[in-house]
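> If it helps, the file is called final10.cif and holds mmCIF, C-alpha atoms:
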data_run
loop_
_atom_site.group_PDB
_atom_site.id
_atom_site.type_symbol
_atom_site.label_atom_id
_atom_site.label_comp_id
_atom_site.auth_asym_id
_atom_site.auth_seq_id
_atom_site.Cartn_x
_atom_site.Cartn_y
_atom_site.Cartn_z
ATOM 1 C CA MET A 1 47.810 90.866 -24.186
ATOM 2 C CA GLU A 2 49.655 94.078 -24.986
ATOM 3 C CA ARG A 3 50.390 93.593 -28.659
ATOM 4 C CA GLY A 4 47.917 93.526 -31.487
ATOM 5 C CA ILE A 5 47.290 90.439 -33.603
ATOM 6 C CA VAL A 6 47.194 90.903 -37.369
ATOM 7 C CA ILE A 7 44.388 89.272 -39.337
ATOM 8 C CA ARG A 8 46.284 87.209 -41.920
ATOM 9 C CA GLN A 9 43.138 86.025 -43.671
ATOM 10 C CA LEU A 10 39.480 87.012 -43.594
ATOM 11 C CA ARG A 11 37.166 84.258 -44.834
ATOM 12 C CA THR A 12 33.494 83.912 -45.761
ATOM 13 C CA GLY A 13 31.611 81.042 -47.366
ATOM 14 C CA ASN A 14 28.574 80.034 -49.393
ATOM 15 C CA LEU A 15 26.693 76.817 -48.721
ATOM 16 C CA THR A 16 28.147 73.707 -50.381
ATOM 17 C CA GLN A 17 27.603 69.977 -49.995
ATOM 18 C CA LEU A 18 29.555 68.363 -47.169
ATOM 19 C CA ALA A 19 31.868 65.485 -48.102
ATOM 20 C CA GLY A 20 29.685 64.179 -50.927
ATOM 21 C CA THR A 21 26.507 64.085 -48.828
ATOM 22 C CA GLU A 22 23.266 66.034 -49.222
ATOM 23 C CA ILE A 23 24.139 68.003 -46.078
ATOM 24 C CA LEU A 24 24.826 71.673 -46.715
ATOM 25 C CA THR A 25 27.645 73.460 -44.944
ATOM 26 C CA GLY A 26 29.326 76.849 -44.879
ATOM 27 C CA ILE A 27 32.629 75.445 -43.610
ATOM 28 C CA HIS A 28 34.428 75.833 -46.947
ATOM 29 C CA LYS A 29 35.169 79.522 -46.703
ATOM 30 C CA GLN A 30 37.177 81.606 -49.173
ATOM 31 C CA GLU A 31 39.494 84.523 -48.602
ATOM 32 C CA VAL A 32 38.069 88.004 -49.021
ATOM 33 C CA GLY A 33 39.701 91.383 -48.684
ATOM 34 C CA SER A 34 37.070 92.967 -46.474
ATOM 35 C CA ALA A 35 33.478 92.475 -45.364
ATOM 36 C CA TYR A 36 30.840 94.205 -43.297
ATOM 37 C CA LEU A 37 30.344 92.694 -39.853
ATOM 38 C CA ASP A 38 26.979 93.087 -38.150
ATOM 39 C CA VAL A 39 25.420 91.396 -35.119
ATOM 40 C CA ASN A 40 24.650 88.253 -37.123
ATOM 41 C CA GLY A 41 28.053 87.890 -38.771
ATOM 42 C CA LEU A 42 29.913 88.814 -41.932
ATOM 43 C CA SER A 43 28.191 89.807 -45.140
ATOM 44 C CA ASP A 44 28.159 86.903 -47.628
ATOM 45 C CA ASP A 45 28.935 84.333 -44.912
ATOM 46 C CA HIS A 46 26.360 81.540 -44.685
ATOM 47 C CA GLN A 47 25.414 78.700 -42.340
ATOM 48 C CA ASP A 48 22.930 75.886 -42.952
ATOM 49 C CA ASP A 49 22.115 74.877 -39.357
ATOM 50 C CA LYS A 50 21.316 78.290 -37.904
ATOM 51 C CA ARG A 51 20.214 76.753 -34.621
ATOM 52 C CA HIS A 52 23.778 75.701 -33.812
ATOM 53 C CA HIS A 53 25.883 77.891 -36.109
ATOM 54 C CA GLY A 54 25.970 81.630 -36.602
ATOM 55 C CA GLY A 55 23.686 84.156 -34.956
ATOM 56 C CA PRO A 56 24.469 86.908 -32.458
ATOM 57 C CA GLU A 57 26.442 84.725 -30.009
ATOM 58 C CA LYS A 58 28.460 83.098 -32.812
ATOM 59 C CA ALA A 59 28.747 85.960 -35.232
ATOM 60 C CA LEU A 60 32.457 85.507 -35.909
ATOM 61 C CA HIS A 61 34.565 82.339 -35.645
ATOM 62 C CA HIS A 62 38.275 82.383 -34.806
ATOM 63 C CA PHE A 63 40.627 79.375 -34.907
ATOM 64 C CA ALA A 64 44.314 79.622 -34.025
ATOM 65 C CA SER A 65 46.486 78.677 -36.994
ATOM 66 C CA ASP A 66 49.152 77.840 -34.403
ATOM 67 C CA HIS A 67 47.392 74.485 -33.938
ATOM 68 C CA TYR A 68 47.574 73.300 -37.536
ATOM 69 C CA SER A 69 51.144 71.982 -37.457
ATOM 70 C CA GLY A 70 50.330 69.707 -34.515
ATOM 71 C CA LEU A 71 47.183 68.473 -36.206
ATOM 72 C CA ARG A 72 49.096 67.637 -39.366
ATOM 73 C CA ARG A 73 51.513 65.526 -37.312
ATOM 74 C CA THR A 74 48.846 63.596 -35.426
ATOM 75 C CA LEU A 75 46.064 63.062 -37.956
ATOM 76 C CA PRO A 76 46.135 60.406 -40.689
ATOM 77 C CA GLU A 77 45.854 61.206 -44.365
ATOM 78 C CA PRO A 78 43.845 62.586 -46.011
ATOM 79 C CA ALA A 79 42.697 64.505 -42.927
ATOM 80 C CA SER A 80 46.176 65.858 -42.185
ATOM 81 C CA GLY A 81 46.267 67.375 -45.659
ATOM 82 C CA HIS A 82 43.192 69.436 -44.830
ATOM 83 C CA CYS A 83 44.936 71.041 -41.852
ATOM 84 C CA ARG A 84 45.695 74.479 -43.152
ATOM 85 C CA PRO A 85 44.112 77.890 -42.485
ATOM 86 C CA GLY A 86 40.387 77.777 -43.111
ATOM 87 C CA ALA A 87 39.965 74.045 -42.457
ATOM 88 C CA PHE A 88 37.623 74.555 -39.509
ATOM 89 C CA GLY A 89 35.494 77.183 -41.207
ATOM 90 C CA GLU A 90 37.051 80.053 -39.308
ATOM 91 C CA ASN A 91 36.384 83.625 -40.358
ATOM 92 C CA LEU A 92 39.576 84.982 -38.775
ATOM 93 C CA VAL A 93 43.005 83.484 -39.447
ATOM 94 C CA THR A 94 45.821 84.581 -37.141
ATOM 95 C CA GLU A 95 49.051 83.403 -35.562
ATOM 96 C CA GLY A 96 50.200 84.083 -32.015
ATOM 97 C CA LEU A 97 46.800 83.984 -30.317
ATOM 98 C CA THR A 98 45.364 80.806 -28.783
ATOM 99 C CA GLU A 99 42.872 79.682 -26.156
ATOM 100 C CA THR A 100 45.433 80.359 -23.426
ATOM 101 C CA ASP A 101 45.710 84.012 -24.507
ATOM 102 C CA VAL A 102 41.994 84.840 -24.811
ATOM 103 C CA CYS A 103 39.556 85.168 -21.905
ATOM 104 C CA ALA A 104 35.781 84.937 -21.717
ATOM 105 C CA GLY A 105 34.304 88.374 -22.235
ATOM 106 C CA ASP A 106 37.407 89.941 -23.803
ATOM 107 C CA ILE A 107 36.520 92.984 -25.888
ATOM 108 C CA PHE A 108 38.579 93.742 -28.987
ATOM 109 C CA THR A 109 38.605 96.424 -31.615
ATOM 110 C CA LEU A 110 38.936 95.105 -35.165
ATOM 111 C CA GLY A 111 38.819 97.495 -38.086
ATOM 112 C CA LYS A 112 35.702 99.607 -37.602
ATOM 113 C CA ALA A 113 34.041 96.964 -35.403
ATOM 114 C CA ILE A 114 34.125 96.104 -31.717
ATOM 115 C CA ILE A 115 33.737 92.432 -30.815
ATOM 116 C CA GLN A 116 33.532 90.371 -27.623
ATOM 117 C CA VAL A 117 34.520 86.773 -26.909
ATOM 118 C CA SER A 118 31.267 84.932 -26.191
ATOM 119 C CA GLN A 119 32.264 81.262 -25.934
ATOM 120 C CA PRO A 120 34.639 78.546 -27.123
ATOM 121 C CA ARG A 121 33.504 76.417 -30.031
ATOM 122 C CA GLN A 122 31.735 73.185 -29.120
ATOM 123 C CA PRO A 123 32.776 70.762 -31.890
ATOM 124 C CA CYS A 124 29.982 68.932 -33.698
ATOM 125 C CA TRP A 125 29.596 65.836 -35.864
ATOM 126 C CA ARG A 126 29.968 67.756 -39.111
ATOM 127 C CA LEU A 127 33.716 67.830 -38.492
ATOM 128 C CA ASN A 128 33.737 64.014 -38.711
ATOM 129 C CA LEU A 129 32.510 64.263 -42.299
ATOM 130 C CA ARG A 130 34.683 67.245 -43.119
ATOM 131 C CA PHE A 131 37.888 65.422 -42.137
ATOM 132 C CA GLY A 132 36.812 61.856 -42.908
ATOM 133 C CA ILE A 133 37.524 60.699 -39.342
ATOM 134 C CA PRO A 134 34.573 59.200 -37.382
ATOM 135 C CA ASP A 135 35.613 60.845 -34.117
ATOM 136 C CA MET A 136 37.216 64.075 -35.343
ATOM 137 C CA SER A 137 34.820 66.182 -33.279
ATOM 138 C CA ARG A 138 35.771 64.310 -30.116
ATOM 139 C CA ARG A 139 39.476 64.566 -30.924
ATOM 140 C CA LEU A 140 39.212 68.321 -31.290
ATOM 141 C CA GLN A 141 37.184 68.608 -28.088
ATOM 142 C CA SER A 142 39.705 66.516 -26.149
ATOM 143 C CA SER A 143 42.570 68.664 -27.424
ATOM 144 C CA LEU A 144 40.958 71.736 -25.794
ATOM 145 C CA ARG A 145 41.937 73.624 -28.946
ATOM 146 C CA THR A 146 38.550 74.252 -30.458
ATOM 147 C CA GLY A 147 38.604 77.895 -31.473
ATOM 148 C CA TRP A 148 36.109 80.451 -30.222
ATOM 149 C CA TYR A 149 33.312 82.846 -31.154
ATOM 150 C CA TYR A 150 32.643 86.564 -30.845
ATOM 151 C CA ARG A 151 29.492 88.621 -30.553
ATOM 152 C CA VAL A 152 29.447 92.045 -32.184
ATOM 153 C CA LEU A 153 29.157 95.098 -29.954
ATOM 154 C CA GLN A 154 29.688 97.611 -32.741
ATOM 155 C CA PRO A 155 29.160 96.705 -36.410
ATOM 156 C CA GLY A 156 31.603 97.839 -39.036
ATOM 157 C CA ILE A 157 33.846 96.892 -41.929
ATOM 158 C CA ILE A 158 36.758 94.573 -41.144
ATOM 159 C CA SER A 159 39.584 93.670 -43.506
ATOM 160 C CA LYS A 160 42.548 91.403 -44.001
ATOM 161 C CA GLY A 161 45.519 93.137 -42.399
ATOM 162 C CA ASP A 162 43.473 94.753 -39.634
ATOM 163 C CA THR A 163 44.814 94.408 -36.115
ATOM 164 C CA LEU A 164 42.904 92.757 -33.306
ATOM 165 C CA LEU A 165 43.491 94.980 -30.268
ATOM 166 C CA LEU A 166 42.414 94.115 -26.735
ATOM 167 C CA LYS A 167 40.256 96.885 -25.294
ATOM 168 C CA GLU A 168 38.841 95.364 -22.093
ATOM 169 C CA ARG A 169 39.388 92.150 -20.114
ATOM 170 C CA PRO A 170 36.694 91.700 -17.440
ATOM 171 C CA HIS A 171 37.680 88.129 -16.496
ATOM 172 C CA ASP A 172 41.438 87.623 -16.562
ATOM 173 C CA ASN A 173 40.993 84.499 -14.412
ATOM 174 C CA TRP A 174 38.898 82.818 -17.109
ATOM 175 C CA PRO A 175 41.098 82.112 -20.136
ATOM 176 C CA LEU A 176 39.328 79.919 -22.640
ATOM 177 C CA SER A 177 41.800 77.126 -21.865
ATOM 178 C CA ARG A 178 40.408 77.036 -18.308
ATOM 179 C CA LEU A 179 36.838 77.143 -19.538
ATOM 180 C CA LEU A 180 37.464 74.280 -21.984
ATOM 181 C CA SER A 181 39.132 72.214 -19.268
ATOM 182 C CA LEU A 182 36.090 72.701 -17.053
ATOM 183 C CA LEU A 183 33.708 71.803 -19.864
ATOM 184 C CA TYR A 184 35.458 68.589 -20.903
ATOM 185 C CA GLU A 185 38.155 67.464 -18.431
ATOM 186 C CA HIS A 186 36.671 68.364 -15.034
ATOM 187 C CA PRO A 187 32.985 68.728 -15.906
ATOM 188 C CA LEU A 188 31.662 68.364 -12.341
ATOM 189 C CA ASP A 189 33.941 70.791 -10.530
ATOM 190 C CA LEU A 190 31.024 72.414 -8.741
ATOM 191 C CA ILE A 191 32.936 75.387 -7.366
ATOM 192 C CA ALA A 192 34.270 76.270 -10.801
ATOM 193 C CA LEU A 193 30.847 75.703 -12.384
ATOM 194 C CA ALA A 194 29.271 78.157 -9.971
ATOM 195 C CA SER A 195 31.879 80.727 -10.961
ATOM 196 C CA MET A 196 31.353 79.972 -14.644
ATOM 197 C CA ALA A 197 27.588 80.440 -14.320
ATOM 198 C CA ASP A 198 28.220 83.960 -12.986
ATOM 199 C CA ILE A 199 30.235 85.144 -16.010
ATOM 200 C CA GLU A 200 27.791 87.711 -17.335
ATOM 201 C CA GLU A 201 29.534 87.992 -20.710
ATOM 202 C CA LEU A 202 29.445 84.252 -21.433
ATOM 203 C CA SER A 203 26.889 83.087 -23.995
ATOM 204 C CA PRO A 204 23.484 82.196 -22.490
ATOM 205 C CA ASN A 205 23.669 78.561 -23.589
ATOM 206 C CA LEU A 206 26.961 77.956 -21.752
ATOM 207 C CA LYS A 207 25.744 79.712 -18.621
ATOM 208 C CA GLN A 208 22.658 77.489 -18.723
ATOM 209 C CA LEU A 209 24.862 74.426 -19.185
ATOM 210 C CA ALA A 210 26.817 75.328 -16.048
ATOM 211 C CA LYS A 211 23.598 75.860 -14.088
ATOM 212 C CA GLN A 212 22.216 72.535 -15.318
ATOM 213 C CA ARG A 213 25.307 70.656 -14.167
ATOM 214 C CA LEU A 214 25.105 72.370 -10.790
ATOM 215 C CA GLU A 215 21.453 71.424 -10.369
ATOM 216 C CA THR A 216 21.713 67.832 -11.567
ATOM 217 C CA GLN A 217 25.352 67.084 -10.693
ATOM 218 C CA HIS A 218 25.335 65.202 -13.972
ATOM 219 C CA VAL A 219 27.173 65.765 -17.262
ATOM 220 C CA GLU A 220 24.970 66.226 -20.312
ATOM 221 C CA ASP A 221 25.130 63.659 -23.111
ATOM 222 C CA TRP A 222 27.624 64.739 -25.779
ATOM 223 C CA GLY A 223 26.693 61.972 -28.244
ATOM 224 C CA ARG A 224 24.266 63.893 -30.427
ATOM 225 C CA ARG A 225 26.599 66.875 -30.800
ATOM 226 C CA LEU A 226 29.770 64.837 -31.414
ATOM 227 C CA PHE A 227 28.364 61.987 -33.489
ATOM 228 C CA GLY A 228 24.906 63.050 -34.645
ATOM 229 C CA GLN A 229 23.207 60.493 -32.404
ATOM 230 C CA ALA A 230 19.526 60.986 -31.658
#
For this file, write the structure as structure tokens.

Amino acid sequence: MERGIVIRQLRTGNLTQLAGTEILTGIHKQEVGSAYLDVNGLSDDHQDDKRHHGGPEKALHHFASDHYSGLRRTLPEPASGHCRPGAFGENLVTEGLTETDVCAGDIFTLGKAIIQVSQPRQPCWRLNLRFGIPDMSRRLQSSLRTGWYYRVLQPGIISKGDTLLLKERPHDNWPLSRLLSLLYEHPLDLIALASMADIEELSPNLKQLAKQRLETQHVEDWGRRLFGQA
């Protein structure tokens, strides 16, 4: 990726109730001009379930706005009306950069910070409530257009209008589109799983997932993550 990608919106969020429930969420983020980014995320950006959201391996969330037009065409109302920048709780809003353009371990400069792609997003059941569709999380997973996360290698202030510039690409054979296809379309491709498990820059939980599939030759249960099942 030779050209830089401009940050059209930078978004952070406080905790609010999710879809009229008692569940708290930070998905409803608002535009800000700039914010300080450290290893745990942006200043004034909050998550309720810190076990599965936020933290060093998910410090910054990016979703491609390129996908929203397709979602608006395929989803029923009122969900389709939600499909605009910020709907998935992303911190970074851009156009012209998708899962086919970004590789595992990519290092970017952004404002005063340096960030690294750590993993694609694994959709969870909270999206079902957010969009009012019982299987929204599964739909997003099946689309292989889930967005992705960064870890922070160098903290610093980032701002709307900053340019995301690729600095290093250690794994040009592992675009996130390939990783997502392995996770959800061809989950027991053992050769690819062995290669995935060796990606040093991938988040520890996804490397462990690959190793677990290799050891058991079995796909983990997605029910709890996608639908909140025990």
> I'd like the contact shell of Tyr150 in chain A - 10 Å cut-off, all atoms listed in the file, skipping same-chain residues fewer than 4 positions apart - returned as a list in words.
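After dropping sequence-adjacent residues, the list is Val39, Gly41, Pro56, Glu57, Lys58, Ala59, Leu60, His61, His62, Ala104, Gly105, Asp106, Ile107, Phe108, Ile114, Ile115, Gln116, Val117, Ser118, Gln119, Pro120 and Ser203 of chain A.
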> Let's have the selection written as a PDB file, keeping the file's coordinate frame, with C-alpha atoms.

ATOM      1  CA  VAL A  39      25.420  91.396 -35.119  1.00  0.00           C
ATOM      2  CA  GLY A  41      28.053  87.890 -38.771  1.00  0.00           C
ATOM      3  CA  PRO A  56      24.469  86.908 -32.458  1.00  0.00           C
ATOM      4  CA  GLU A  57      26.442  84.725 -30.009  1.00  0.00           C
ATOM      5  CA  LYS A  58      28.460  83.098 -32.812  1.00  0.00           C
ATOM      6  CA  ALA A  59      28.747  85.960 -35.232  1.00  0.00           C
ATOM      7  CA  LEU A  60      32.457  85.507 -35.909  1.00  0.00           C
ATOM      8  CA  HIS A  61      34.565  82.339 -35.645  1.00  0.00           C
ATOM      9  CA  HIS A  62      38.275  82.383 -34.806  1.00  0.00           C
ATOM     10  CA  ALA A 104      35.781  84.937 -21.717  1.00  0.00           C
ATOM     11  CA  GLY A 105      34.304  88.374 -22.235  1.00  0.00           C
ATOM     12  CA  ASP A 106      37.407  89.941 -23.803  1.00  0.00           C
ATOM     13  CA  ILE A 107      36.520  92.984 -25.888  1.00  0.00           C
ATOM     14  CA  PHE A 108      38.579  93.742 -28.987  1.00  0.00           C
ATOM     15  CA  ILE A 114      34.125  96.104 -31.717  1.00  0.00           C
ATOM     16  CA  ILE A 115      33.737  92.432 -30.815  1.00  0.00           C
ATOM     17  CA  GLN A 116      33.532  90.371 -27.623  1.00  0.00           C
ATOM     18  CA  VAL A 117      34.520  86.773 -26.909  1.00  0.00           C
ATOM     19  CA  SER A 118      31.267  84.932 -26.191  1.00  0.00           C
ATOM     20  CA  GLN A 119      32.264  81.262 -25.934  1.00  0.00           C
ATOM     21  CA  PRO A 120      34.639  78.546 -27.123  1.00  0.00           C
ATOM     22  CA  SER A 203      26.889  83.087 -23.995  1.00  0.00           C
TER      23      SER A 203
END
> Please compute the CA of Leu202 in chain A-CA of Gln30 in chain A distance, one decimal, in Å.
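Distance between the two atoms: 28.9 Å.
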> Pick the closest to Trp125 in chain A from A:Thr100, A:Thr12, A:Ser137, A:Ser181: which is it, counting only C-alpha atoms?
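Closest residue, counting only C-alpha atoms: A:Ser137.
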> Evaluate the PyMOL selection byres ((chain A and resi 164-166) around 7) and record the selected residues as a list in words, following the chain and residue labels used in the document.
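For this structure, the PyMOL selection byres ((chain A and resi 164-166) around 7) resolves to Met1, Gly4, Ile5, Val6, Ile107, Phe108, Thr109, Leu110, Asp162, Thr163, Lys167 and Glu168 of chain A.
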> To one decimal in Å, tell me the separation between CA of Leu42 in chain A and CA of Pro170 in chain A.
25.6 Å
